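Undergrad: upload_11.tsv is reproduced in full below (TSV, N, CA and C atoms).
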```
chain	number	residue	atom	x	y	z
F	30	MET	N	-196.19	35.62	179.59
F	30	MET	CA	-195.96	34.82	180.78
F	30	MET	C	-196.60	33.45	180.58
F	31	SER	N	-195.80	32.44	180.48
F	31	SER	CA	-196.34	31.10	180.34
F	31	SER	C	-196.41	30.45	181.72
F	32	SER	N	-197.47	29.75	181.94
F	32	SER	CA	-197.62	29.09	183.23
F	32	SER	C	-198.34	27.77	183.05
F	33	LEU	N	-198.21	26.93	184.02
F	33	LEU	CA	-198.84	25.63	184.00
F	33	LEU	C	-199.59	25.45	185.31
F	34	ASN	N	-200.84	25.15	185.24
F	34	ASN	CA	-201.64	24.96	186.45
F	34	ASN	C	-201.85	23.48	186.70
F	35	ILE	N	-201.59	23.07	187.91
F	35	ILE	CA	-201.87	21.71	188.34
F	35	ILE	C	-202.89	21.82	189.46
F	36	TYR	N	-204.06	21.27	189.26
F	36	TYR	CA	-205.15	21.45	190.21
F	36	TYR	C	-205.38	20.22	191.07
F	37	ASN	N	-205.81	20.49	192.28
F	37	ASN	CA	-206.33	19.49	193.20
F	37	ASN	C	-205.42	18.27	193.37
F	38	PHE	N	-204.20	18.50	193.79
F	38	PHE	CA	-203.32	17.39	194.08
F	38	PHE	C	-203.02	17.29	195.57
F	39	GLY	N	-203.63	18.16	196.36
F	39	GLY	CA	-203.30	18.25	197.78
F	39	GLY	C	-203.40	16.92	198.51
F	40	ARG	N	-202.38	16.63	199.26
F	40	ARG	CA	-202.29	15.48	200.15
F	40	ARG	C	-202.35	14.13	199.41
F	41	ILE	N	-201.98	14.09	198.14
F	41	ILE	CA	-202.00	12.80	197.44
F	41	ILE	C	-200.69	12.05	197.60
F	42	THR	N	-199.68	12.71	198.12
F	42	THR	CA	-198.39	12.04	198.23
F	42	THR	C	-198.41	10.93	199.27
F	43	LYS	N	-199.43	10.93	200.12
F	43	LYS	CA	-199.50	9.91	201.16
F	43	LYS	C	-200.43	8.77	200.78
F	44	SER	N	-200.77	8.67	199.51
F	44	SER	CA	-201.72	7.64	199.11
F	44	SER	C	-201.24	6.95	197.84
F	45	TRP	N	-201.95	5.90	197.47
F	45	TRP	CA	-201.61	5.15	196.27
F	45	TRP	C	-201.80	6.00	195.02
F	46	LEU	N	-202.65	7.04	195.10
F	46	LEU	CA	-202.93	7.89	193.95
F	46	LEU	C	-201.67	8.61	193.47
F	47	PHE	N	-200.75	8.90	194.40
F	47	PHE	CA	-199.49	9.55	194.03
F	47	PHE	C	-198.74	8.69	193.01
F	48	PHE	N	-198.70	7.40	193.23
F	48	PHE	CA	-197.97	6.51	192.33
F	48	PHE	C	-198.69	6.35	190.99
F	49	LYS	N	-200.01	6.49	191.00
F	49	LYS	CA	-200.76	6.46	189.74
F	49	LYS	C	-200.49	7.72	188.93
F	50	LEU	N	-200.33	8.87	189.62
F	50	LEU	CA	-200.14	10.14	188.93
F	50	LEU	C	-198.67	10.47	188.68
F	51	LEU	N	-197.75	9.65	189.14
F	51	LEU	CA	-196.33	9.93	188.98
F	51	LEU	C	-195.93	10.18	187.52
F	52	PRO	N	-196.44	9.41	186.54
F	52	PRO	CA	-196.09	9.73	185.15
F	52	PRO	C	-196.57	11.12	184.72
F	53	ILE	N	-197.72	11.56	185.23
F	53	ILE	CA	-198.22	12.89	184.91
F	53	ILE	C	-197.31	13.95	185.50
F	54	PHE	N	-196.85	13.74	186.75
F	54	PHE	CA	-195.93	14.68	187.37
F	54	PHE	C	-194.65	14.79	186.56
F	55	LYS	N	-194.16	13.66	186.05
F	55	LYS	CA	-192.95	13.69	185.24
F	55	LYS	C	-193.19	14.40	183.91
F	56	LEU	N	-194.37	14.24	183.35
F	56	LEU	CA	-194.71	14.89	182.09
F	56	LEU	C	-194.69	16.41	182.24
F	57	PHE	N	-195.20	16.93	183.34
F	57	PHE	CA	-195.25	18.37	183.57
F	57	PHE	C	-194.05	18.90	184.35
F	58	ASN	N	-193.03	18.06	184.55
F	58	ASN	CA	-191.82	18.43	185.26
F	58	ASN	C	-192.09	18.91	186.69
F	59	ILE	N	-193.05	18.29	187.34
F	59	ILE	CA	-193.31	18.60	188.74
F	59	ILE	C	-192.34	17.77	189.56
F	60	THR	N	-191.57	18.44	190.37
F	60	THR	CA	-190.60	17.73	191.19
F	60	THR	C	-191.18	17.52	192.58
F	61	PRO	N	-190.63	16.60	193.32
F	61	PRO	CA	-191.07	16.43	194.71
F	61	PRO	C	-190.87	17.69	195.54
F	62	LYS	N	-189.96	18.57	195.11
F	62	LYS	CA	-189.74	19.83	195.84
F	62	LYS	C	-190.99	20.70	195.84
F	63	GLU	N	-191.67	20.82	194.70
F	63	GLU	CA	-192.90	21.62	194.64
F	63	GLU	C	-194.00	21.00	195.49
F	64	ILE	N	-194.10	19.68	195.46
F	64	ILE	CA	-195.11	19.00	196.27
F	64	ILE	C	-194.80	19.20	197.75
F	65	LYS	N	-193.53	19.08	198.11
F	65	LYS	CA	-193.13	19.27	199.51
F	65	LYS	C	-193.38	20.71	199.95
F	66	THR	N	-193.09	21.68	199.08
F	66	THR	CA	-193.34	23.08	199.41
F	66	THR	C	-194.82	23.33	199.65
F	67	ALA	N	-195.68	22.73	198.83
F	67	ALA	CA	-197.13	22.88	199.03
F	67	ALA	C	-197.55	22.32	200.38
F	68	GLU	N	-197.01	21.17	200.75
F	68	GLU	CA	-197.34	20.59	202.05
F	68	GLU	C	-196.81	21.44	203.19
F	69	ILE	N	-195.61	22.00	203.03
F	69	ILE	CA	-195.04	22.85	204.08
F	69	ILE	C	-195.90	24.09	204.28
F	70	ILE	N	-196.38	24.69	203.19
F	70	ILE	CA	-197.25	25.86	203.32
F	70	ILE	C	-198.52	25.50	204.08
F	71	GLU	N	-199.13	24.35	203.73
F	71	GLU	CA	-200.35	23.93	204.43
F	71	GLU	C	-200.09	23.71	205.91
F	72	TYR	N	-199.00	23.01	206.22
F	72	TYR	CA	-198.71	22.69	207.62
F	72	TYR	C	-198.30	23.91	208.42
F	73	SER	N	-197.58	24.86	207.80
F	73	SER	CA	-197.18	26.04	208.55
F	73	SER	C	-198.38	26.92	208.86
F	74	LEU	N	-199.33	27.04	207.95
F	74	LEU	CA	-200.55	27.79	208.25
F	74	LEU	C	-201.40	27.06	209.28
F	75	GLU	N	-201.40	25.73	209.20
F	75	GLU	CA	-202.16	24.94	210.16
F	75	GLU	C	-201.60	25.11	211.58
F	76	SER	N	-200.30	25.31	211.70
F	76	SER	CA	-199.71	25.49	213.02
F	76	SER	C	-200.15	26.81	213.65
F	77	PHE	N	-200.61	27.76	212.84
F	77	PHE	CA	-201.15	29.01	213.36
F	77	PHE	C	-202.68	28.99	213.43
F	78	GLY	N	-203.27	27.82	213.25
F	78	GLY	CA	-204.71	27.67	213.39
F	78	GLY	C	-205.50	28.00	212.13
F	79	ILE	N	-204.85	28.05	210.98
F	79	ILE	CA	-205.53	28.36	209.72
F	79	ILE	C	-205.52	27.11	208.85
F	80	LYS	N	-206.68	26.50	208.68
F	80	LYS	CA	-206.80	25.35	207.80
F	80	LYS	C	-206.80	25.84	206.37
F	81	SER	N	-205.92	25.31	205.55
F	81	SER	CA	-205.86	25.72	204.16
F	81	SER	C	-205.56	24.51	203.30
F	82	ARG	N	-205.73	24.70	202.00
F	82	ARG	CA	-205.45	23.62	201.07
F	82	ARG	C	-204.89	24.22	199.79
F	83	VAL	N	-203.80	23.69	199.30
F	83	VAL	CA	-203.24	24.14	198.03
F	83	VAL	C	-204.08	23.53	196.93
F	84	GLU	N	-204.71	24.40	196.16
F	84	GLU	CA	-205.59	23.96	195.09
F	84	GLU	C	-204.90	23.93	193.73
F	85	ALA	N	-203.89	24.77	193.54
F	85	ALA	CA	-203.21	24.83	192.25
F	85	ALA	C	-201.80	25.37	192.43
F	86	ILE	N	-200.92	24.97	191.53
F	86	ILE	CA	-199.58	25.53	191.46
F	86	ILE	C	-199.40	26.08	190.05
F	87	THR	N	-198.99	27.34	189.96
F	87	THR	CA	-198.70	27.96	188.68
F	87	THR	C	-197.20	28.15	188.60
F	88	PHE	N	-196.58	27.54	187.60
F	88	PHE	CA	-195.13	27.62	187.43
F	88	PHE	C	-194.81	28.80	186.54
F	89	GLU	N	-193.96	29.69	187.01
F	89	GLU	CA	-193.50	30.83	186.23
F	89	GLU	C	-191.98	30.78	186.16
F	90	LYS	N	-191.38	31.72	185.44
F	90	LYS	CA	-189.93	31.68	185.25
F	90	LYS	C	-189.15	31.84	186.54
F	91	LYS	N	-189.53	32.83	187.34
F	91	LYS	CA	-188.75	33.14	188.54
F	91	LYS	C	-189.40	32.71	189.84
F	92	SER	N	-190.63	32.24	189.79
F	92	SER	CA	-191.33	31.87	191.02
F	92	SER	C	-192.41	30.84	190.74
F	93	ASN	N	-192.92	30.26	191.80
F	93	ASN	CA	-194.07	29.37	191.75
F	93	ASN	C	-195.19	30.01	192.57
F	94	LEU	N	-196.39	30.02	192.02
F	94	LEU	CA	-197.53	30.59	192.71
F	94	LEU	C	-198.40	29.45	193.22
F	95	PHE	N	-198.55	29.38	194.54
F	95	PHE	CA	-199.39	28.37	195.18
F	95	PHE	C	-200.73	29.01	195.50
F	96	SER	N	-201.81	28.47	194.92
F	96	SER	CA	-203.16	29.00	195.16
F	96	SER	C	-203.80	28.23	196.30
F	97	LEU	N	-204.19	28.97	197.34
F	97	LEU	CA	-204.74	28.36	198.55
F	97	LEU	C	-206.22	28.66	198.69
F	98	SER	N	-206.96	27.66	199.12
F	98	SER	CA	-208.34	27.91	199.52
F	98	SER	C	-208.36	27.90	201.05
F	99	ILE	N	-209.08	28.84	201.61
F	99	ILE	CA	-209.20	28.92	203.07
F	99	ILE	C	-210.68	28.91	203.43
F	100	PRO	N	-211.01	28.46	204.64
F	100	PRO	CA	-212.43	28.42	205.02
F	100	PRO	C	-212.97	29.82	205.27
F	101	HIS	N	-214.29	29.93	205.22
F	101	HIS	CA	-214.95	31.20	205.51
F	101	HIS	C	-214.69	31.59	206.95
F	102	GLY	N	-214.57	32.87	207.21
F	102	GLY	CA	-214.35	33.36	208.55
F	102	GLY	C	-212.89	33.66	208.86
F	103	ILE	N	-211.99	33.25	208.00
F	103	ILE	CA	-210.57	33.55	208.18
F	103	ILE	C	-210.28	34.86	207.46
F	104	LYS	N	-209.71	35.81	208.18
F	104	LYS	CA	-209.38	37.10	207.58
F	104	LYS	C	-208.11	36.98	206.74
F	105	VAL	N	-208.13	37.64	205.61
F	105	VAL	CA	-206.99	37.64	204.71
F	105	VAL	C	-205.79	38.28	205.38
F	106	GLU	N	-206.04	39.27	206.22
F	106	GLU	CA	-204.96	39.97	206.91
F	106	GLU	C	-204.16	39.03	207.81
F	107	GLU	N	-204.81	37.99	208.35
F	107	GLU	CA	-204.10	37.04	209.19
F	107	GLU	C	-203.02	36.31	208.40
F	108	ILE	N	-203.33	35.95	207.17
F	108	ILE	CA	-202.35	35.25	206.34
F	108	ILE	C	-201.26	36.21	205.88
F	109	GLU	N	-201.63	37.45	205.58
F	109	GLU	CA	-200.63	38.43	205.16
F	109	GLU	C	-199.62	38.70	206.27
F	110	LYS	N	-200.07	38.67	207.53
F	110	LYS	CA	-199.17	38.89	208.66
F	110	LYS	C	-198.17	37.75	208.83
F	111	LEU	N	-198.49	36.58	208.31
F	111	LEU	CA	-197.64	35.40	208.48
F	111	LEU	C	-196.65	35.20	207.33
F	112	SER	N	-196.47	36.20	206.48
F	112	SER	CA	-195.62	36.02	205.31
F	112	SER	C	-194.17	35.70	205.68
F	113	LYS	N	-193.64	36.33	206.72
F	113	LYS	CA	-192.26	36.04	207.15
F	113	LYS	C	-192.14	34.62	207.69
F	114	ASN	N	-193.16	34.16	208.40
F	114	ASN	CA	-193.14	32.80	208.94
F	114	ASN	C	-193.23	31.77	207.81
F	115	ILE	N	-194.02	32.06	206.80
F	115	ILE	CA	-194.11	31.16	205.66
F	115	ILE	C	-192.79	31.12	204.91
F	116	ALA	N	-192.16	32.29	204.74
F	116	ALA	CA	-190.86	32.35	204.07
F	116	ALA	C	-189.82	31.53	204.83
F	117	LEU	N	-189.87	31.57	206.12
F	117	LEU	CA	-188.94	30.78	206.94
F	117	LEU	C	-189.23	29.29	206.78
F	118	SER	N	-190.49	28.91	206.75
F	118	SER	CA	-190.86	27.51	206.63
F	118	SER	C	-190.43	26.89	205.30
F	119	VAL	N	-190.63	27.64	204.22
F	119	VAL	CA	-190.29	27.09	202.91
F	119	VAL	C	-188.84	27.35	202.53
F	120	ALA	N	-188.10	28.02	203.40
F	120	ALA	CA	-186.68	28.34	203.17
F	120	ALA	C	-186.51	29.11	201.86
F	121	SER	N	-187.22	30.21	201.76
F	121	SER	CA	-187.17	31.05	200.57
F	121	SER	C	-185.76	31.60	200.36
F	122	LYS	N	-185.30	31.58	199.12
F	122	LYS	CA	-183.94	32.05	198.81
F	122	LYS	C	-183.78	33.54	199.05
F	123	THR	N	-184.84	34.31	198.84
F	123	THR	CA	-184.76	35.75	199.05
F	123	THR	C	-185.16	36.16	200.47
F	124	GLY	N	-185.67	35.22	201.23
F	124	GLY	CA	-186.08	35.53	202.60
F	124	GLY	C	-187.48	36.09	202.71
F	125	GLU	N	-188.21	36.09	201.61
F	125	GLU	CA	-189.58	36.58	201.67
F	125	GLU	C	-190.44	35.87	200.62
F	126	VAL	N	-191.73	35.86	200.88
F	126	VAL	CA	-192.70	35.37	199.91
F	126	VAL	C	-193.71	36.50	199.68
F	127	LYS	N	-194.35	36.47	198.53
F	127	LYS	CA	-195.33	37.49	198.21
F	127	LYS	C	-196.72	36.90	198.39
F	128	ILE	N	-197.55	37.59	199.16
F	128	ILE	CA	-198.93	37.16	199.37
F	128	ILE	C	-199.82	37.96	198.43
F	129	ILE	N	-200.56	37.25	197.60
F	129	ILE	CA	-201.52	37.88	196.68
F	129	ILE	C	-202.91	37.52	197.19
F	130	ALA	N	-203.57	38.52	197.75
F	130	ALA	CA	-204.85	38.22	198.39
F	130	ALA	C	-205.92	39.21	197.94
F	131	PRO	N	-206.93	38.73	197.30
F	131	PRO	CA	-207.12	37.45	196.62
F	131	PRO	C	-206.49	37.49	195.23
F	132	ILE	N	-206.38	36.32	194.62
F	132	ILE	CA	-205.93	36.24	193.23
F	132	ILE	C	-207.07	36.78	192.36
F	133	PRO	N	-206.79	37.75	191.51
F	133	PRO	CA	-207.86	38.34	190.69
F	133	PRO	C	-208.61	37.30	189.86
F	134	GLY	N	-209.92	37.30	190.01
F	134	GLY	CA	-210.77	36.41	189.23
F	134	GLY	C	-210.91	35.00	189.79
F	135	LYS	N	-210.27	34.73	190.94
F	135	LYS	CA	-210.34	33.40	191.54
F	135	LYS	C	-210.63	33.53	193.03
F	136	PRO	N	-211.26	32.53	193.62
F	136	PRO	CA	-211.55	32.59	195.06
F	136	PRO	C	-210.40	32.07	195.92
F	137	TYR	N	-209.17	32.32	195.52
F	137	TYR	CA	-208.01	31.80	196.21
F	137	TYR	C	-207.09	32.92	196.67
F	138	ILE	N	-206.25	32.58	197.63
F	138	ILE	CA	-205.17	33.45	198.07
F	138	ILE	C	-203.89	32.86	197.48
F	139	GLY	N	-203.04	33.72	196.95
F	139	GLY	CA	-201.82	33.27	196.32
F	139	GLY	C	-200.61	33.49	197.20
F	140	ILE	N	-199.72	32.51	197.22
F	140	ILE	CA	-198.43	32.65	197.87
F	140	ILE	C	-197.38	32.39	196.81
F	141	GLU	N	-196.62	33.44	196.50
F	141	GLU	CA	-195.61	33.35	195.45
F	141	GLU	C	-194.25	33.11	196.09
F	142	VAL	N	-193.66	31.96	195.78
F	142	VAL	CA	-192.37	31.57	196.35
F	142	VAL	C	-191.32	31.65	195.25
F	143	PRO	N	-190.25	32.44	195.46
F	143	PRO	CA	-189.18	32.51	194.45
F	143	PRO	C	-188.47	31.17	194.29
F	144	LYS	N	-187.99	30.92	193.07
F	144	LYS	CA	-187.27	29.66	192.81
F	144	LYS	C	-185.85	29.76	193.28
```
Go ahead and express the file in the form of structure tokens.

TA:
Amino acid sequence: MSSLNIYNFGRITKSWLFFKLLPIFKLFNITPKEIKTAEIIEYSLESFGIKSRVEAITFEKKSNLFSLSIPHGIKVEEIEKLSKNIALSVASKTGEVKIIAPIPGKPYIGIEVPK
């Protein structure tokens, strides 16, 4: 399984830093769709009162894994219950997303969105 991790790019699309990093995004074949999906995930969780931040995107053959950091005190079960709402927000082709909570070996929660 080959994957590519892009770390700490959250909310840069609204700043001058996005234009500085645009050649890097082109180098790793990051499309605006992945960036938009990351923002949609953040905003949809925020609408349910859960502050989150996409820390990394792992590109795989059939899906993209978005690694989220959440503040202390938020139960993982709350995010797992919102999987259908997240799938609706990102317009998942299969109608569902997979919640990996937690990602083994990392302090993040994973949301796997099919391509």

Undergrad: Which residue is closest to Ala116 (chain F)? Choose from F:Glu75, F:Ile64, F:Ile69, F:Lys80 and count only C-alpha atoms.

TA: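 Among F:Glu75, F:Ile64, F:Ile69, F:Lys80, it is F:Ile69 that comes nearest to Ala116 (chain F).
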
Undergrad: Can you tell me, as a ChimeraX atom specification, what residues are no more than 6.5 Å from region 103-113 of chain F when counting only N, CA and C atoms, ignoring any on the same chain fewer than 5 positions away?

TA: /F:118,125-126,128

Undergrad: For CA of Lys127 (chain F) and CA of Glu141 (chain F), determine how far apart the two atoms are, in Å to one decimal place.

TA: 5.0 Å

Undergrad: Pull the closest atom pair for each residue of region 58-86 of chain F that gets at most 8 Å from region 92-97 of chain F, along with the distance in Å to one decimal, counting all atoms listed in the file, ordering rows by chain and then ascending residue number, as a tab-separated table.

TA:
```
residue	atom	partner	partner_atom	distance
F:Ala67	CA	F:Phe95	CA	7.1
F:Ser81	C	F:Leu97	CA	6.2
F:Arg82	C	F:Leu97	CA	4.3
F:Val83	CA	F:Ser96	C	4.5
F:Glu84	N	F:Ser96	C	3.9
F:Ala85	C	F:Ser96	N	4.0
F:Ile86	CA	F:Leu94	C	4.5
```

Undergrad: Have a look at CA of Leu117 (chain F) and atom C of Thr66 (chain F) and let me know their distance in Å, one decimal.

TA: 12.0 Å

Undergrad: Find the distance between CA of Tyr72 (chain F) and atom C of Thr60 (chain F) and write it in Å to one decimal.

TA: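 These two atoms are separated by 17.6 Å.
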
Undergrad: Using only C-alpha atoms, which of the listed residues (F:Ile99, F:Pro143, F:Asn114, F:Lys91) sits closest to Pro131 (chain F)?

TA: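 That would be F:Ile99, the residue with the smallest distance to Pro131 (chain F).
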
Undergrad: List as number ranges by chain the residues having at least one atom at most 6.5 Å from position (-186.1, 34.6, 196.0) as given in the file, counting all atoms listed in the file.

TA: F: 121-125, 142-144

Undergrad: Using only C-alpha atoms for the distances, tell me which of F:Ala130, F:Lys135, F:Ile115, F:Ala120 is nearest to Leu74 (chain F).

TA: F:Ile115

Undergrad: So that I can check the secondary structure, give me every residue of region 58-105 of chain F assigned strand (DSSP E or B) by backbone DSSP, as JSON, numbers by chain.

TA: {"F": [82, 83, 84, 85, 86, 87, 88, 92, 93, 94, 95, 96, 97, 98]}

Undergrad: Counting only C-alpha atoms, which residue out of F:Phe77, F:Lys90, F:Val119, F:Pro61 sits closest to Ile140 (chain F)?

TA: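 Counting only C-alpha atoms, the residue closest to Ile140 (chain F) is F:Val119.
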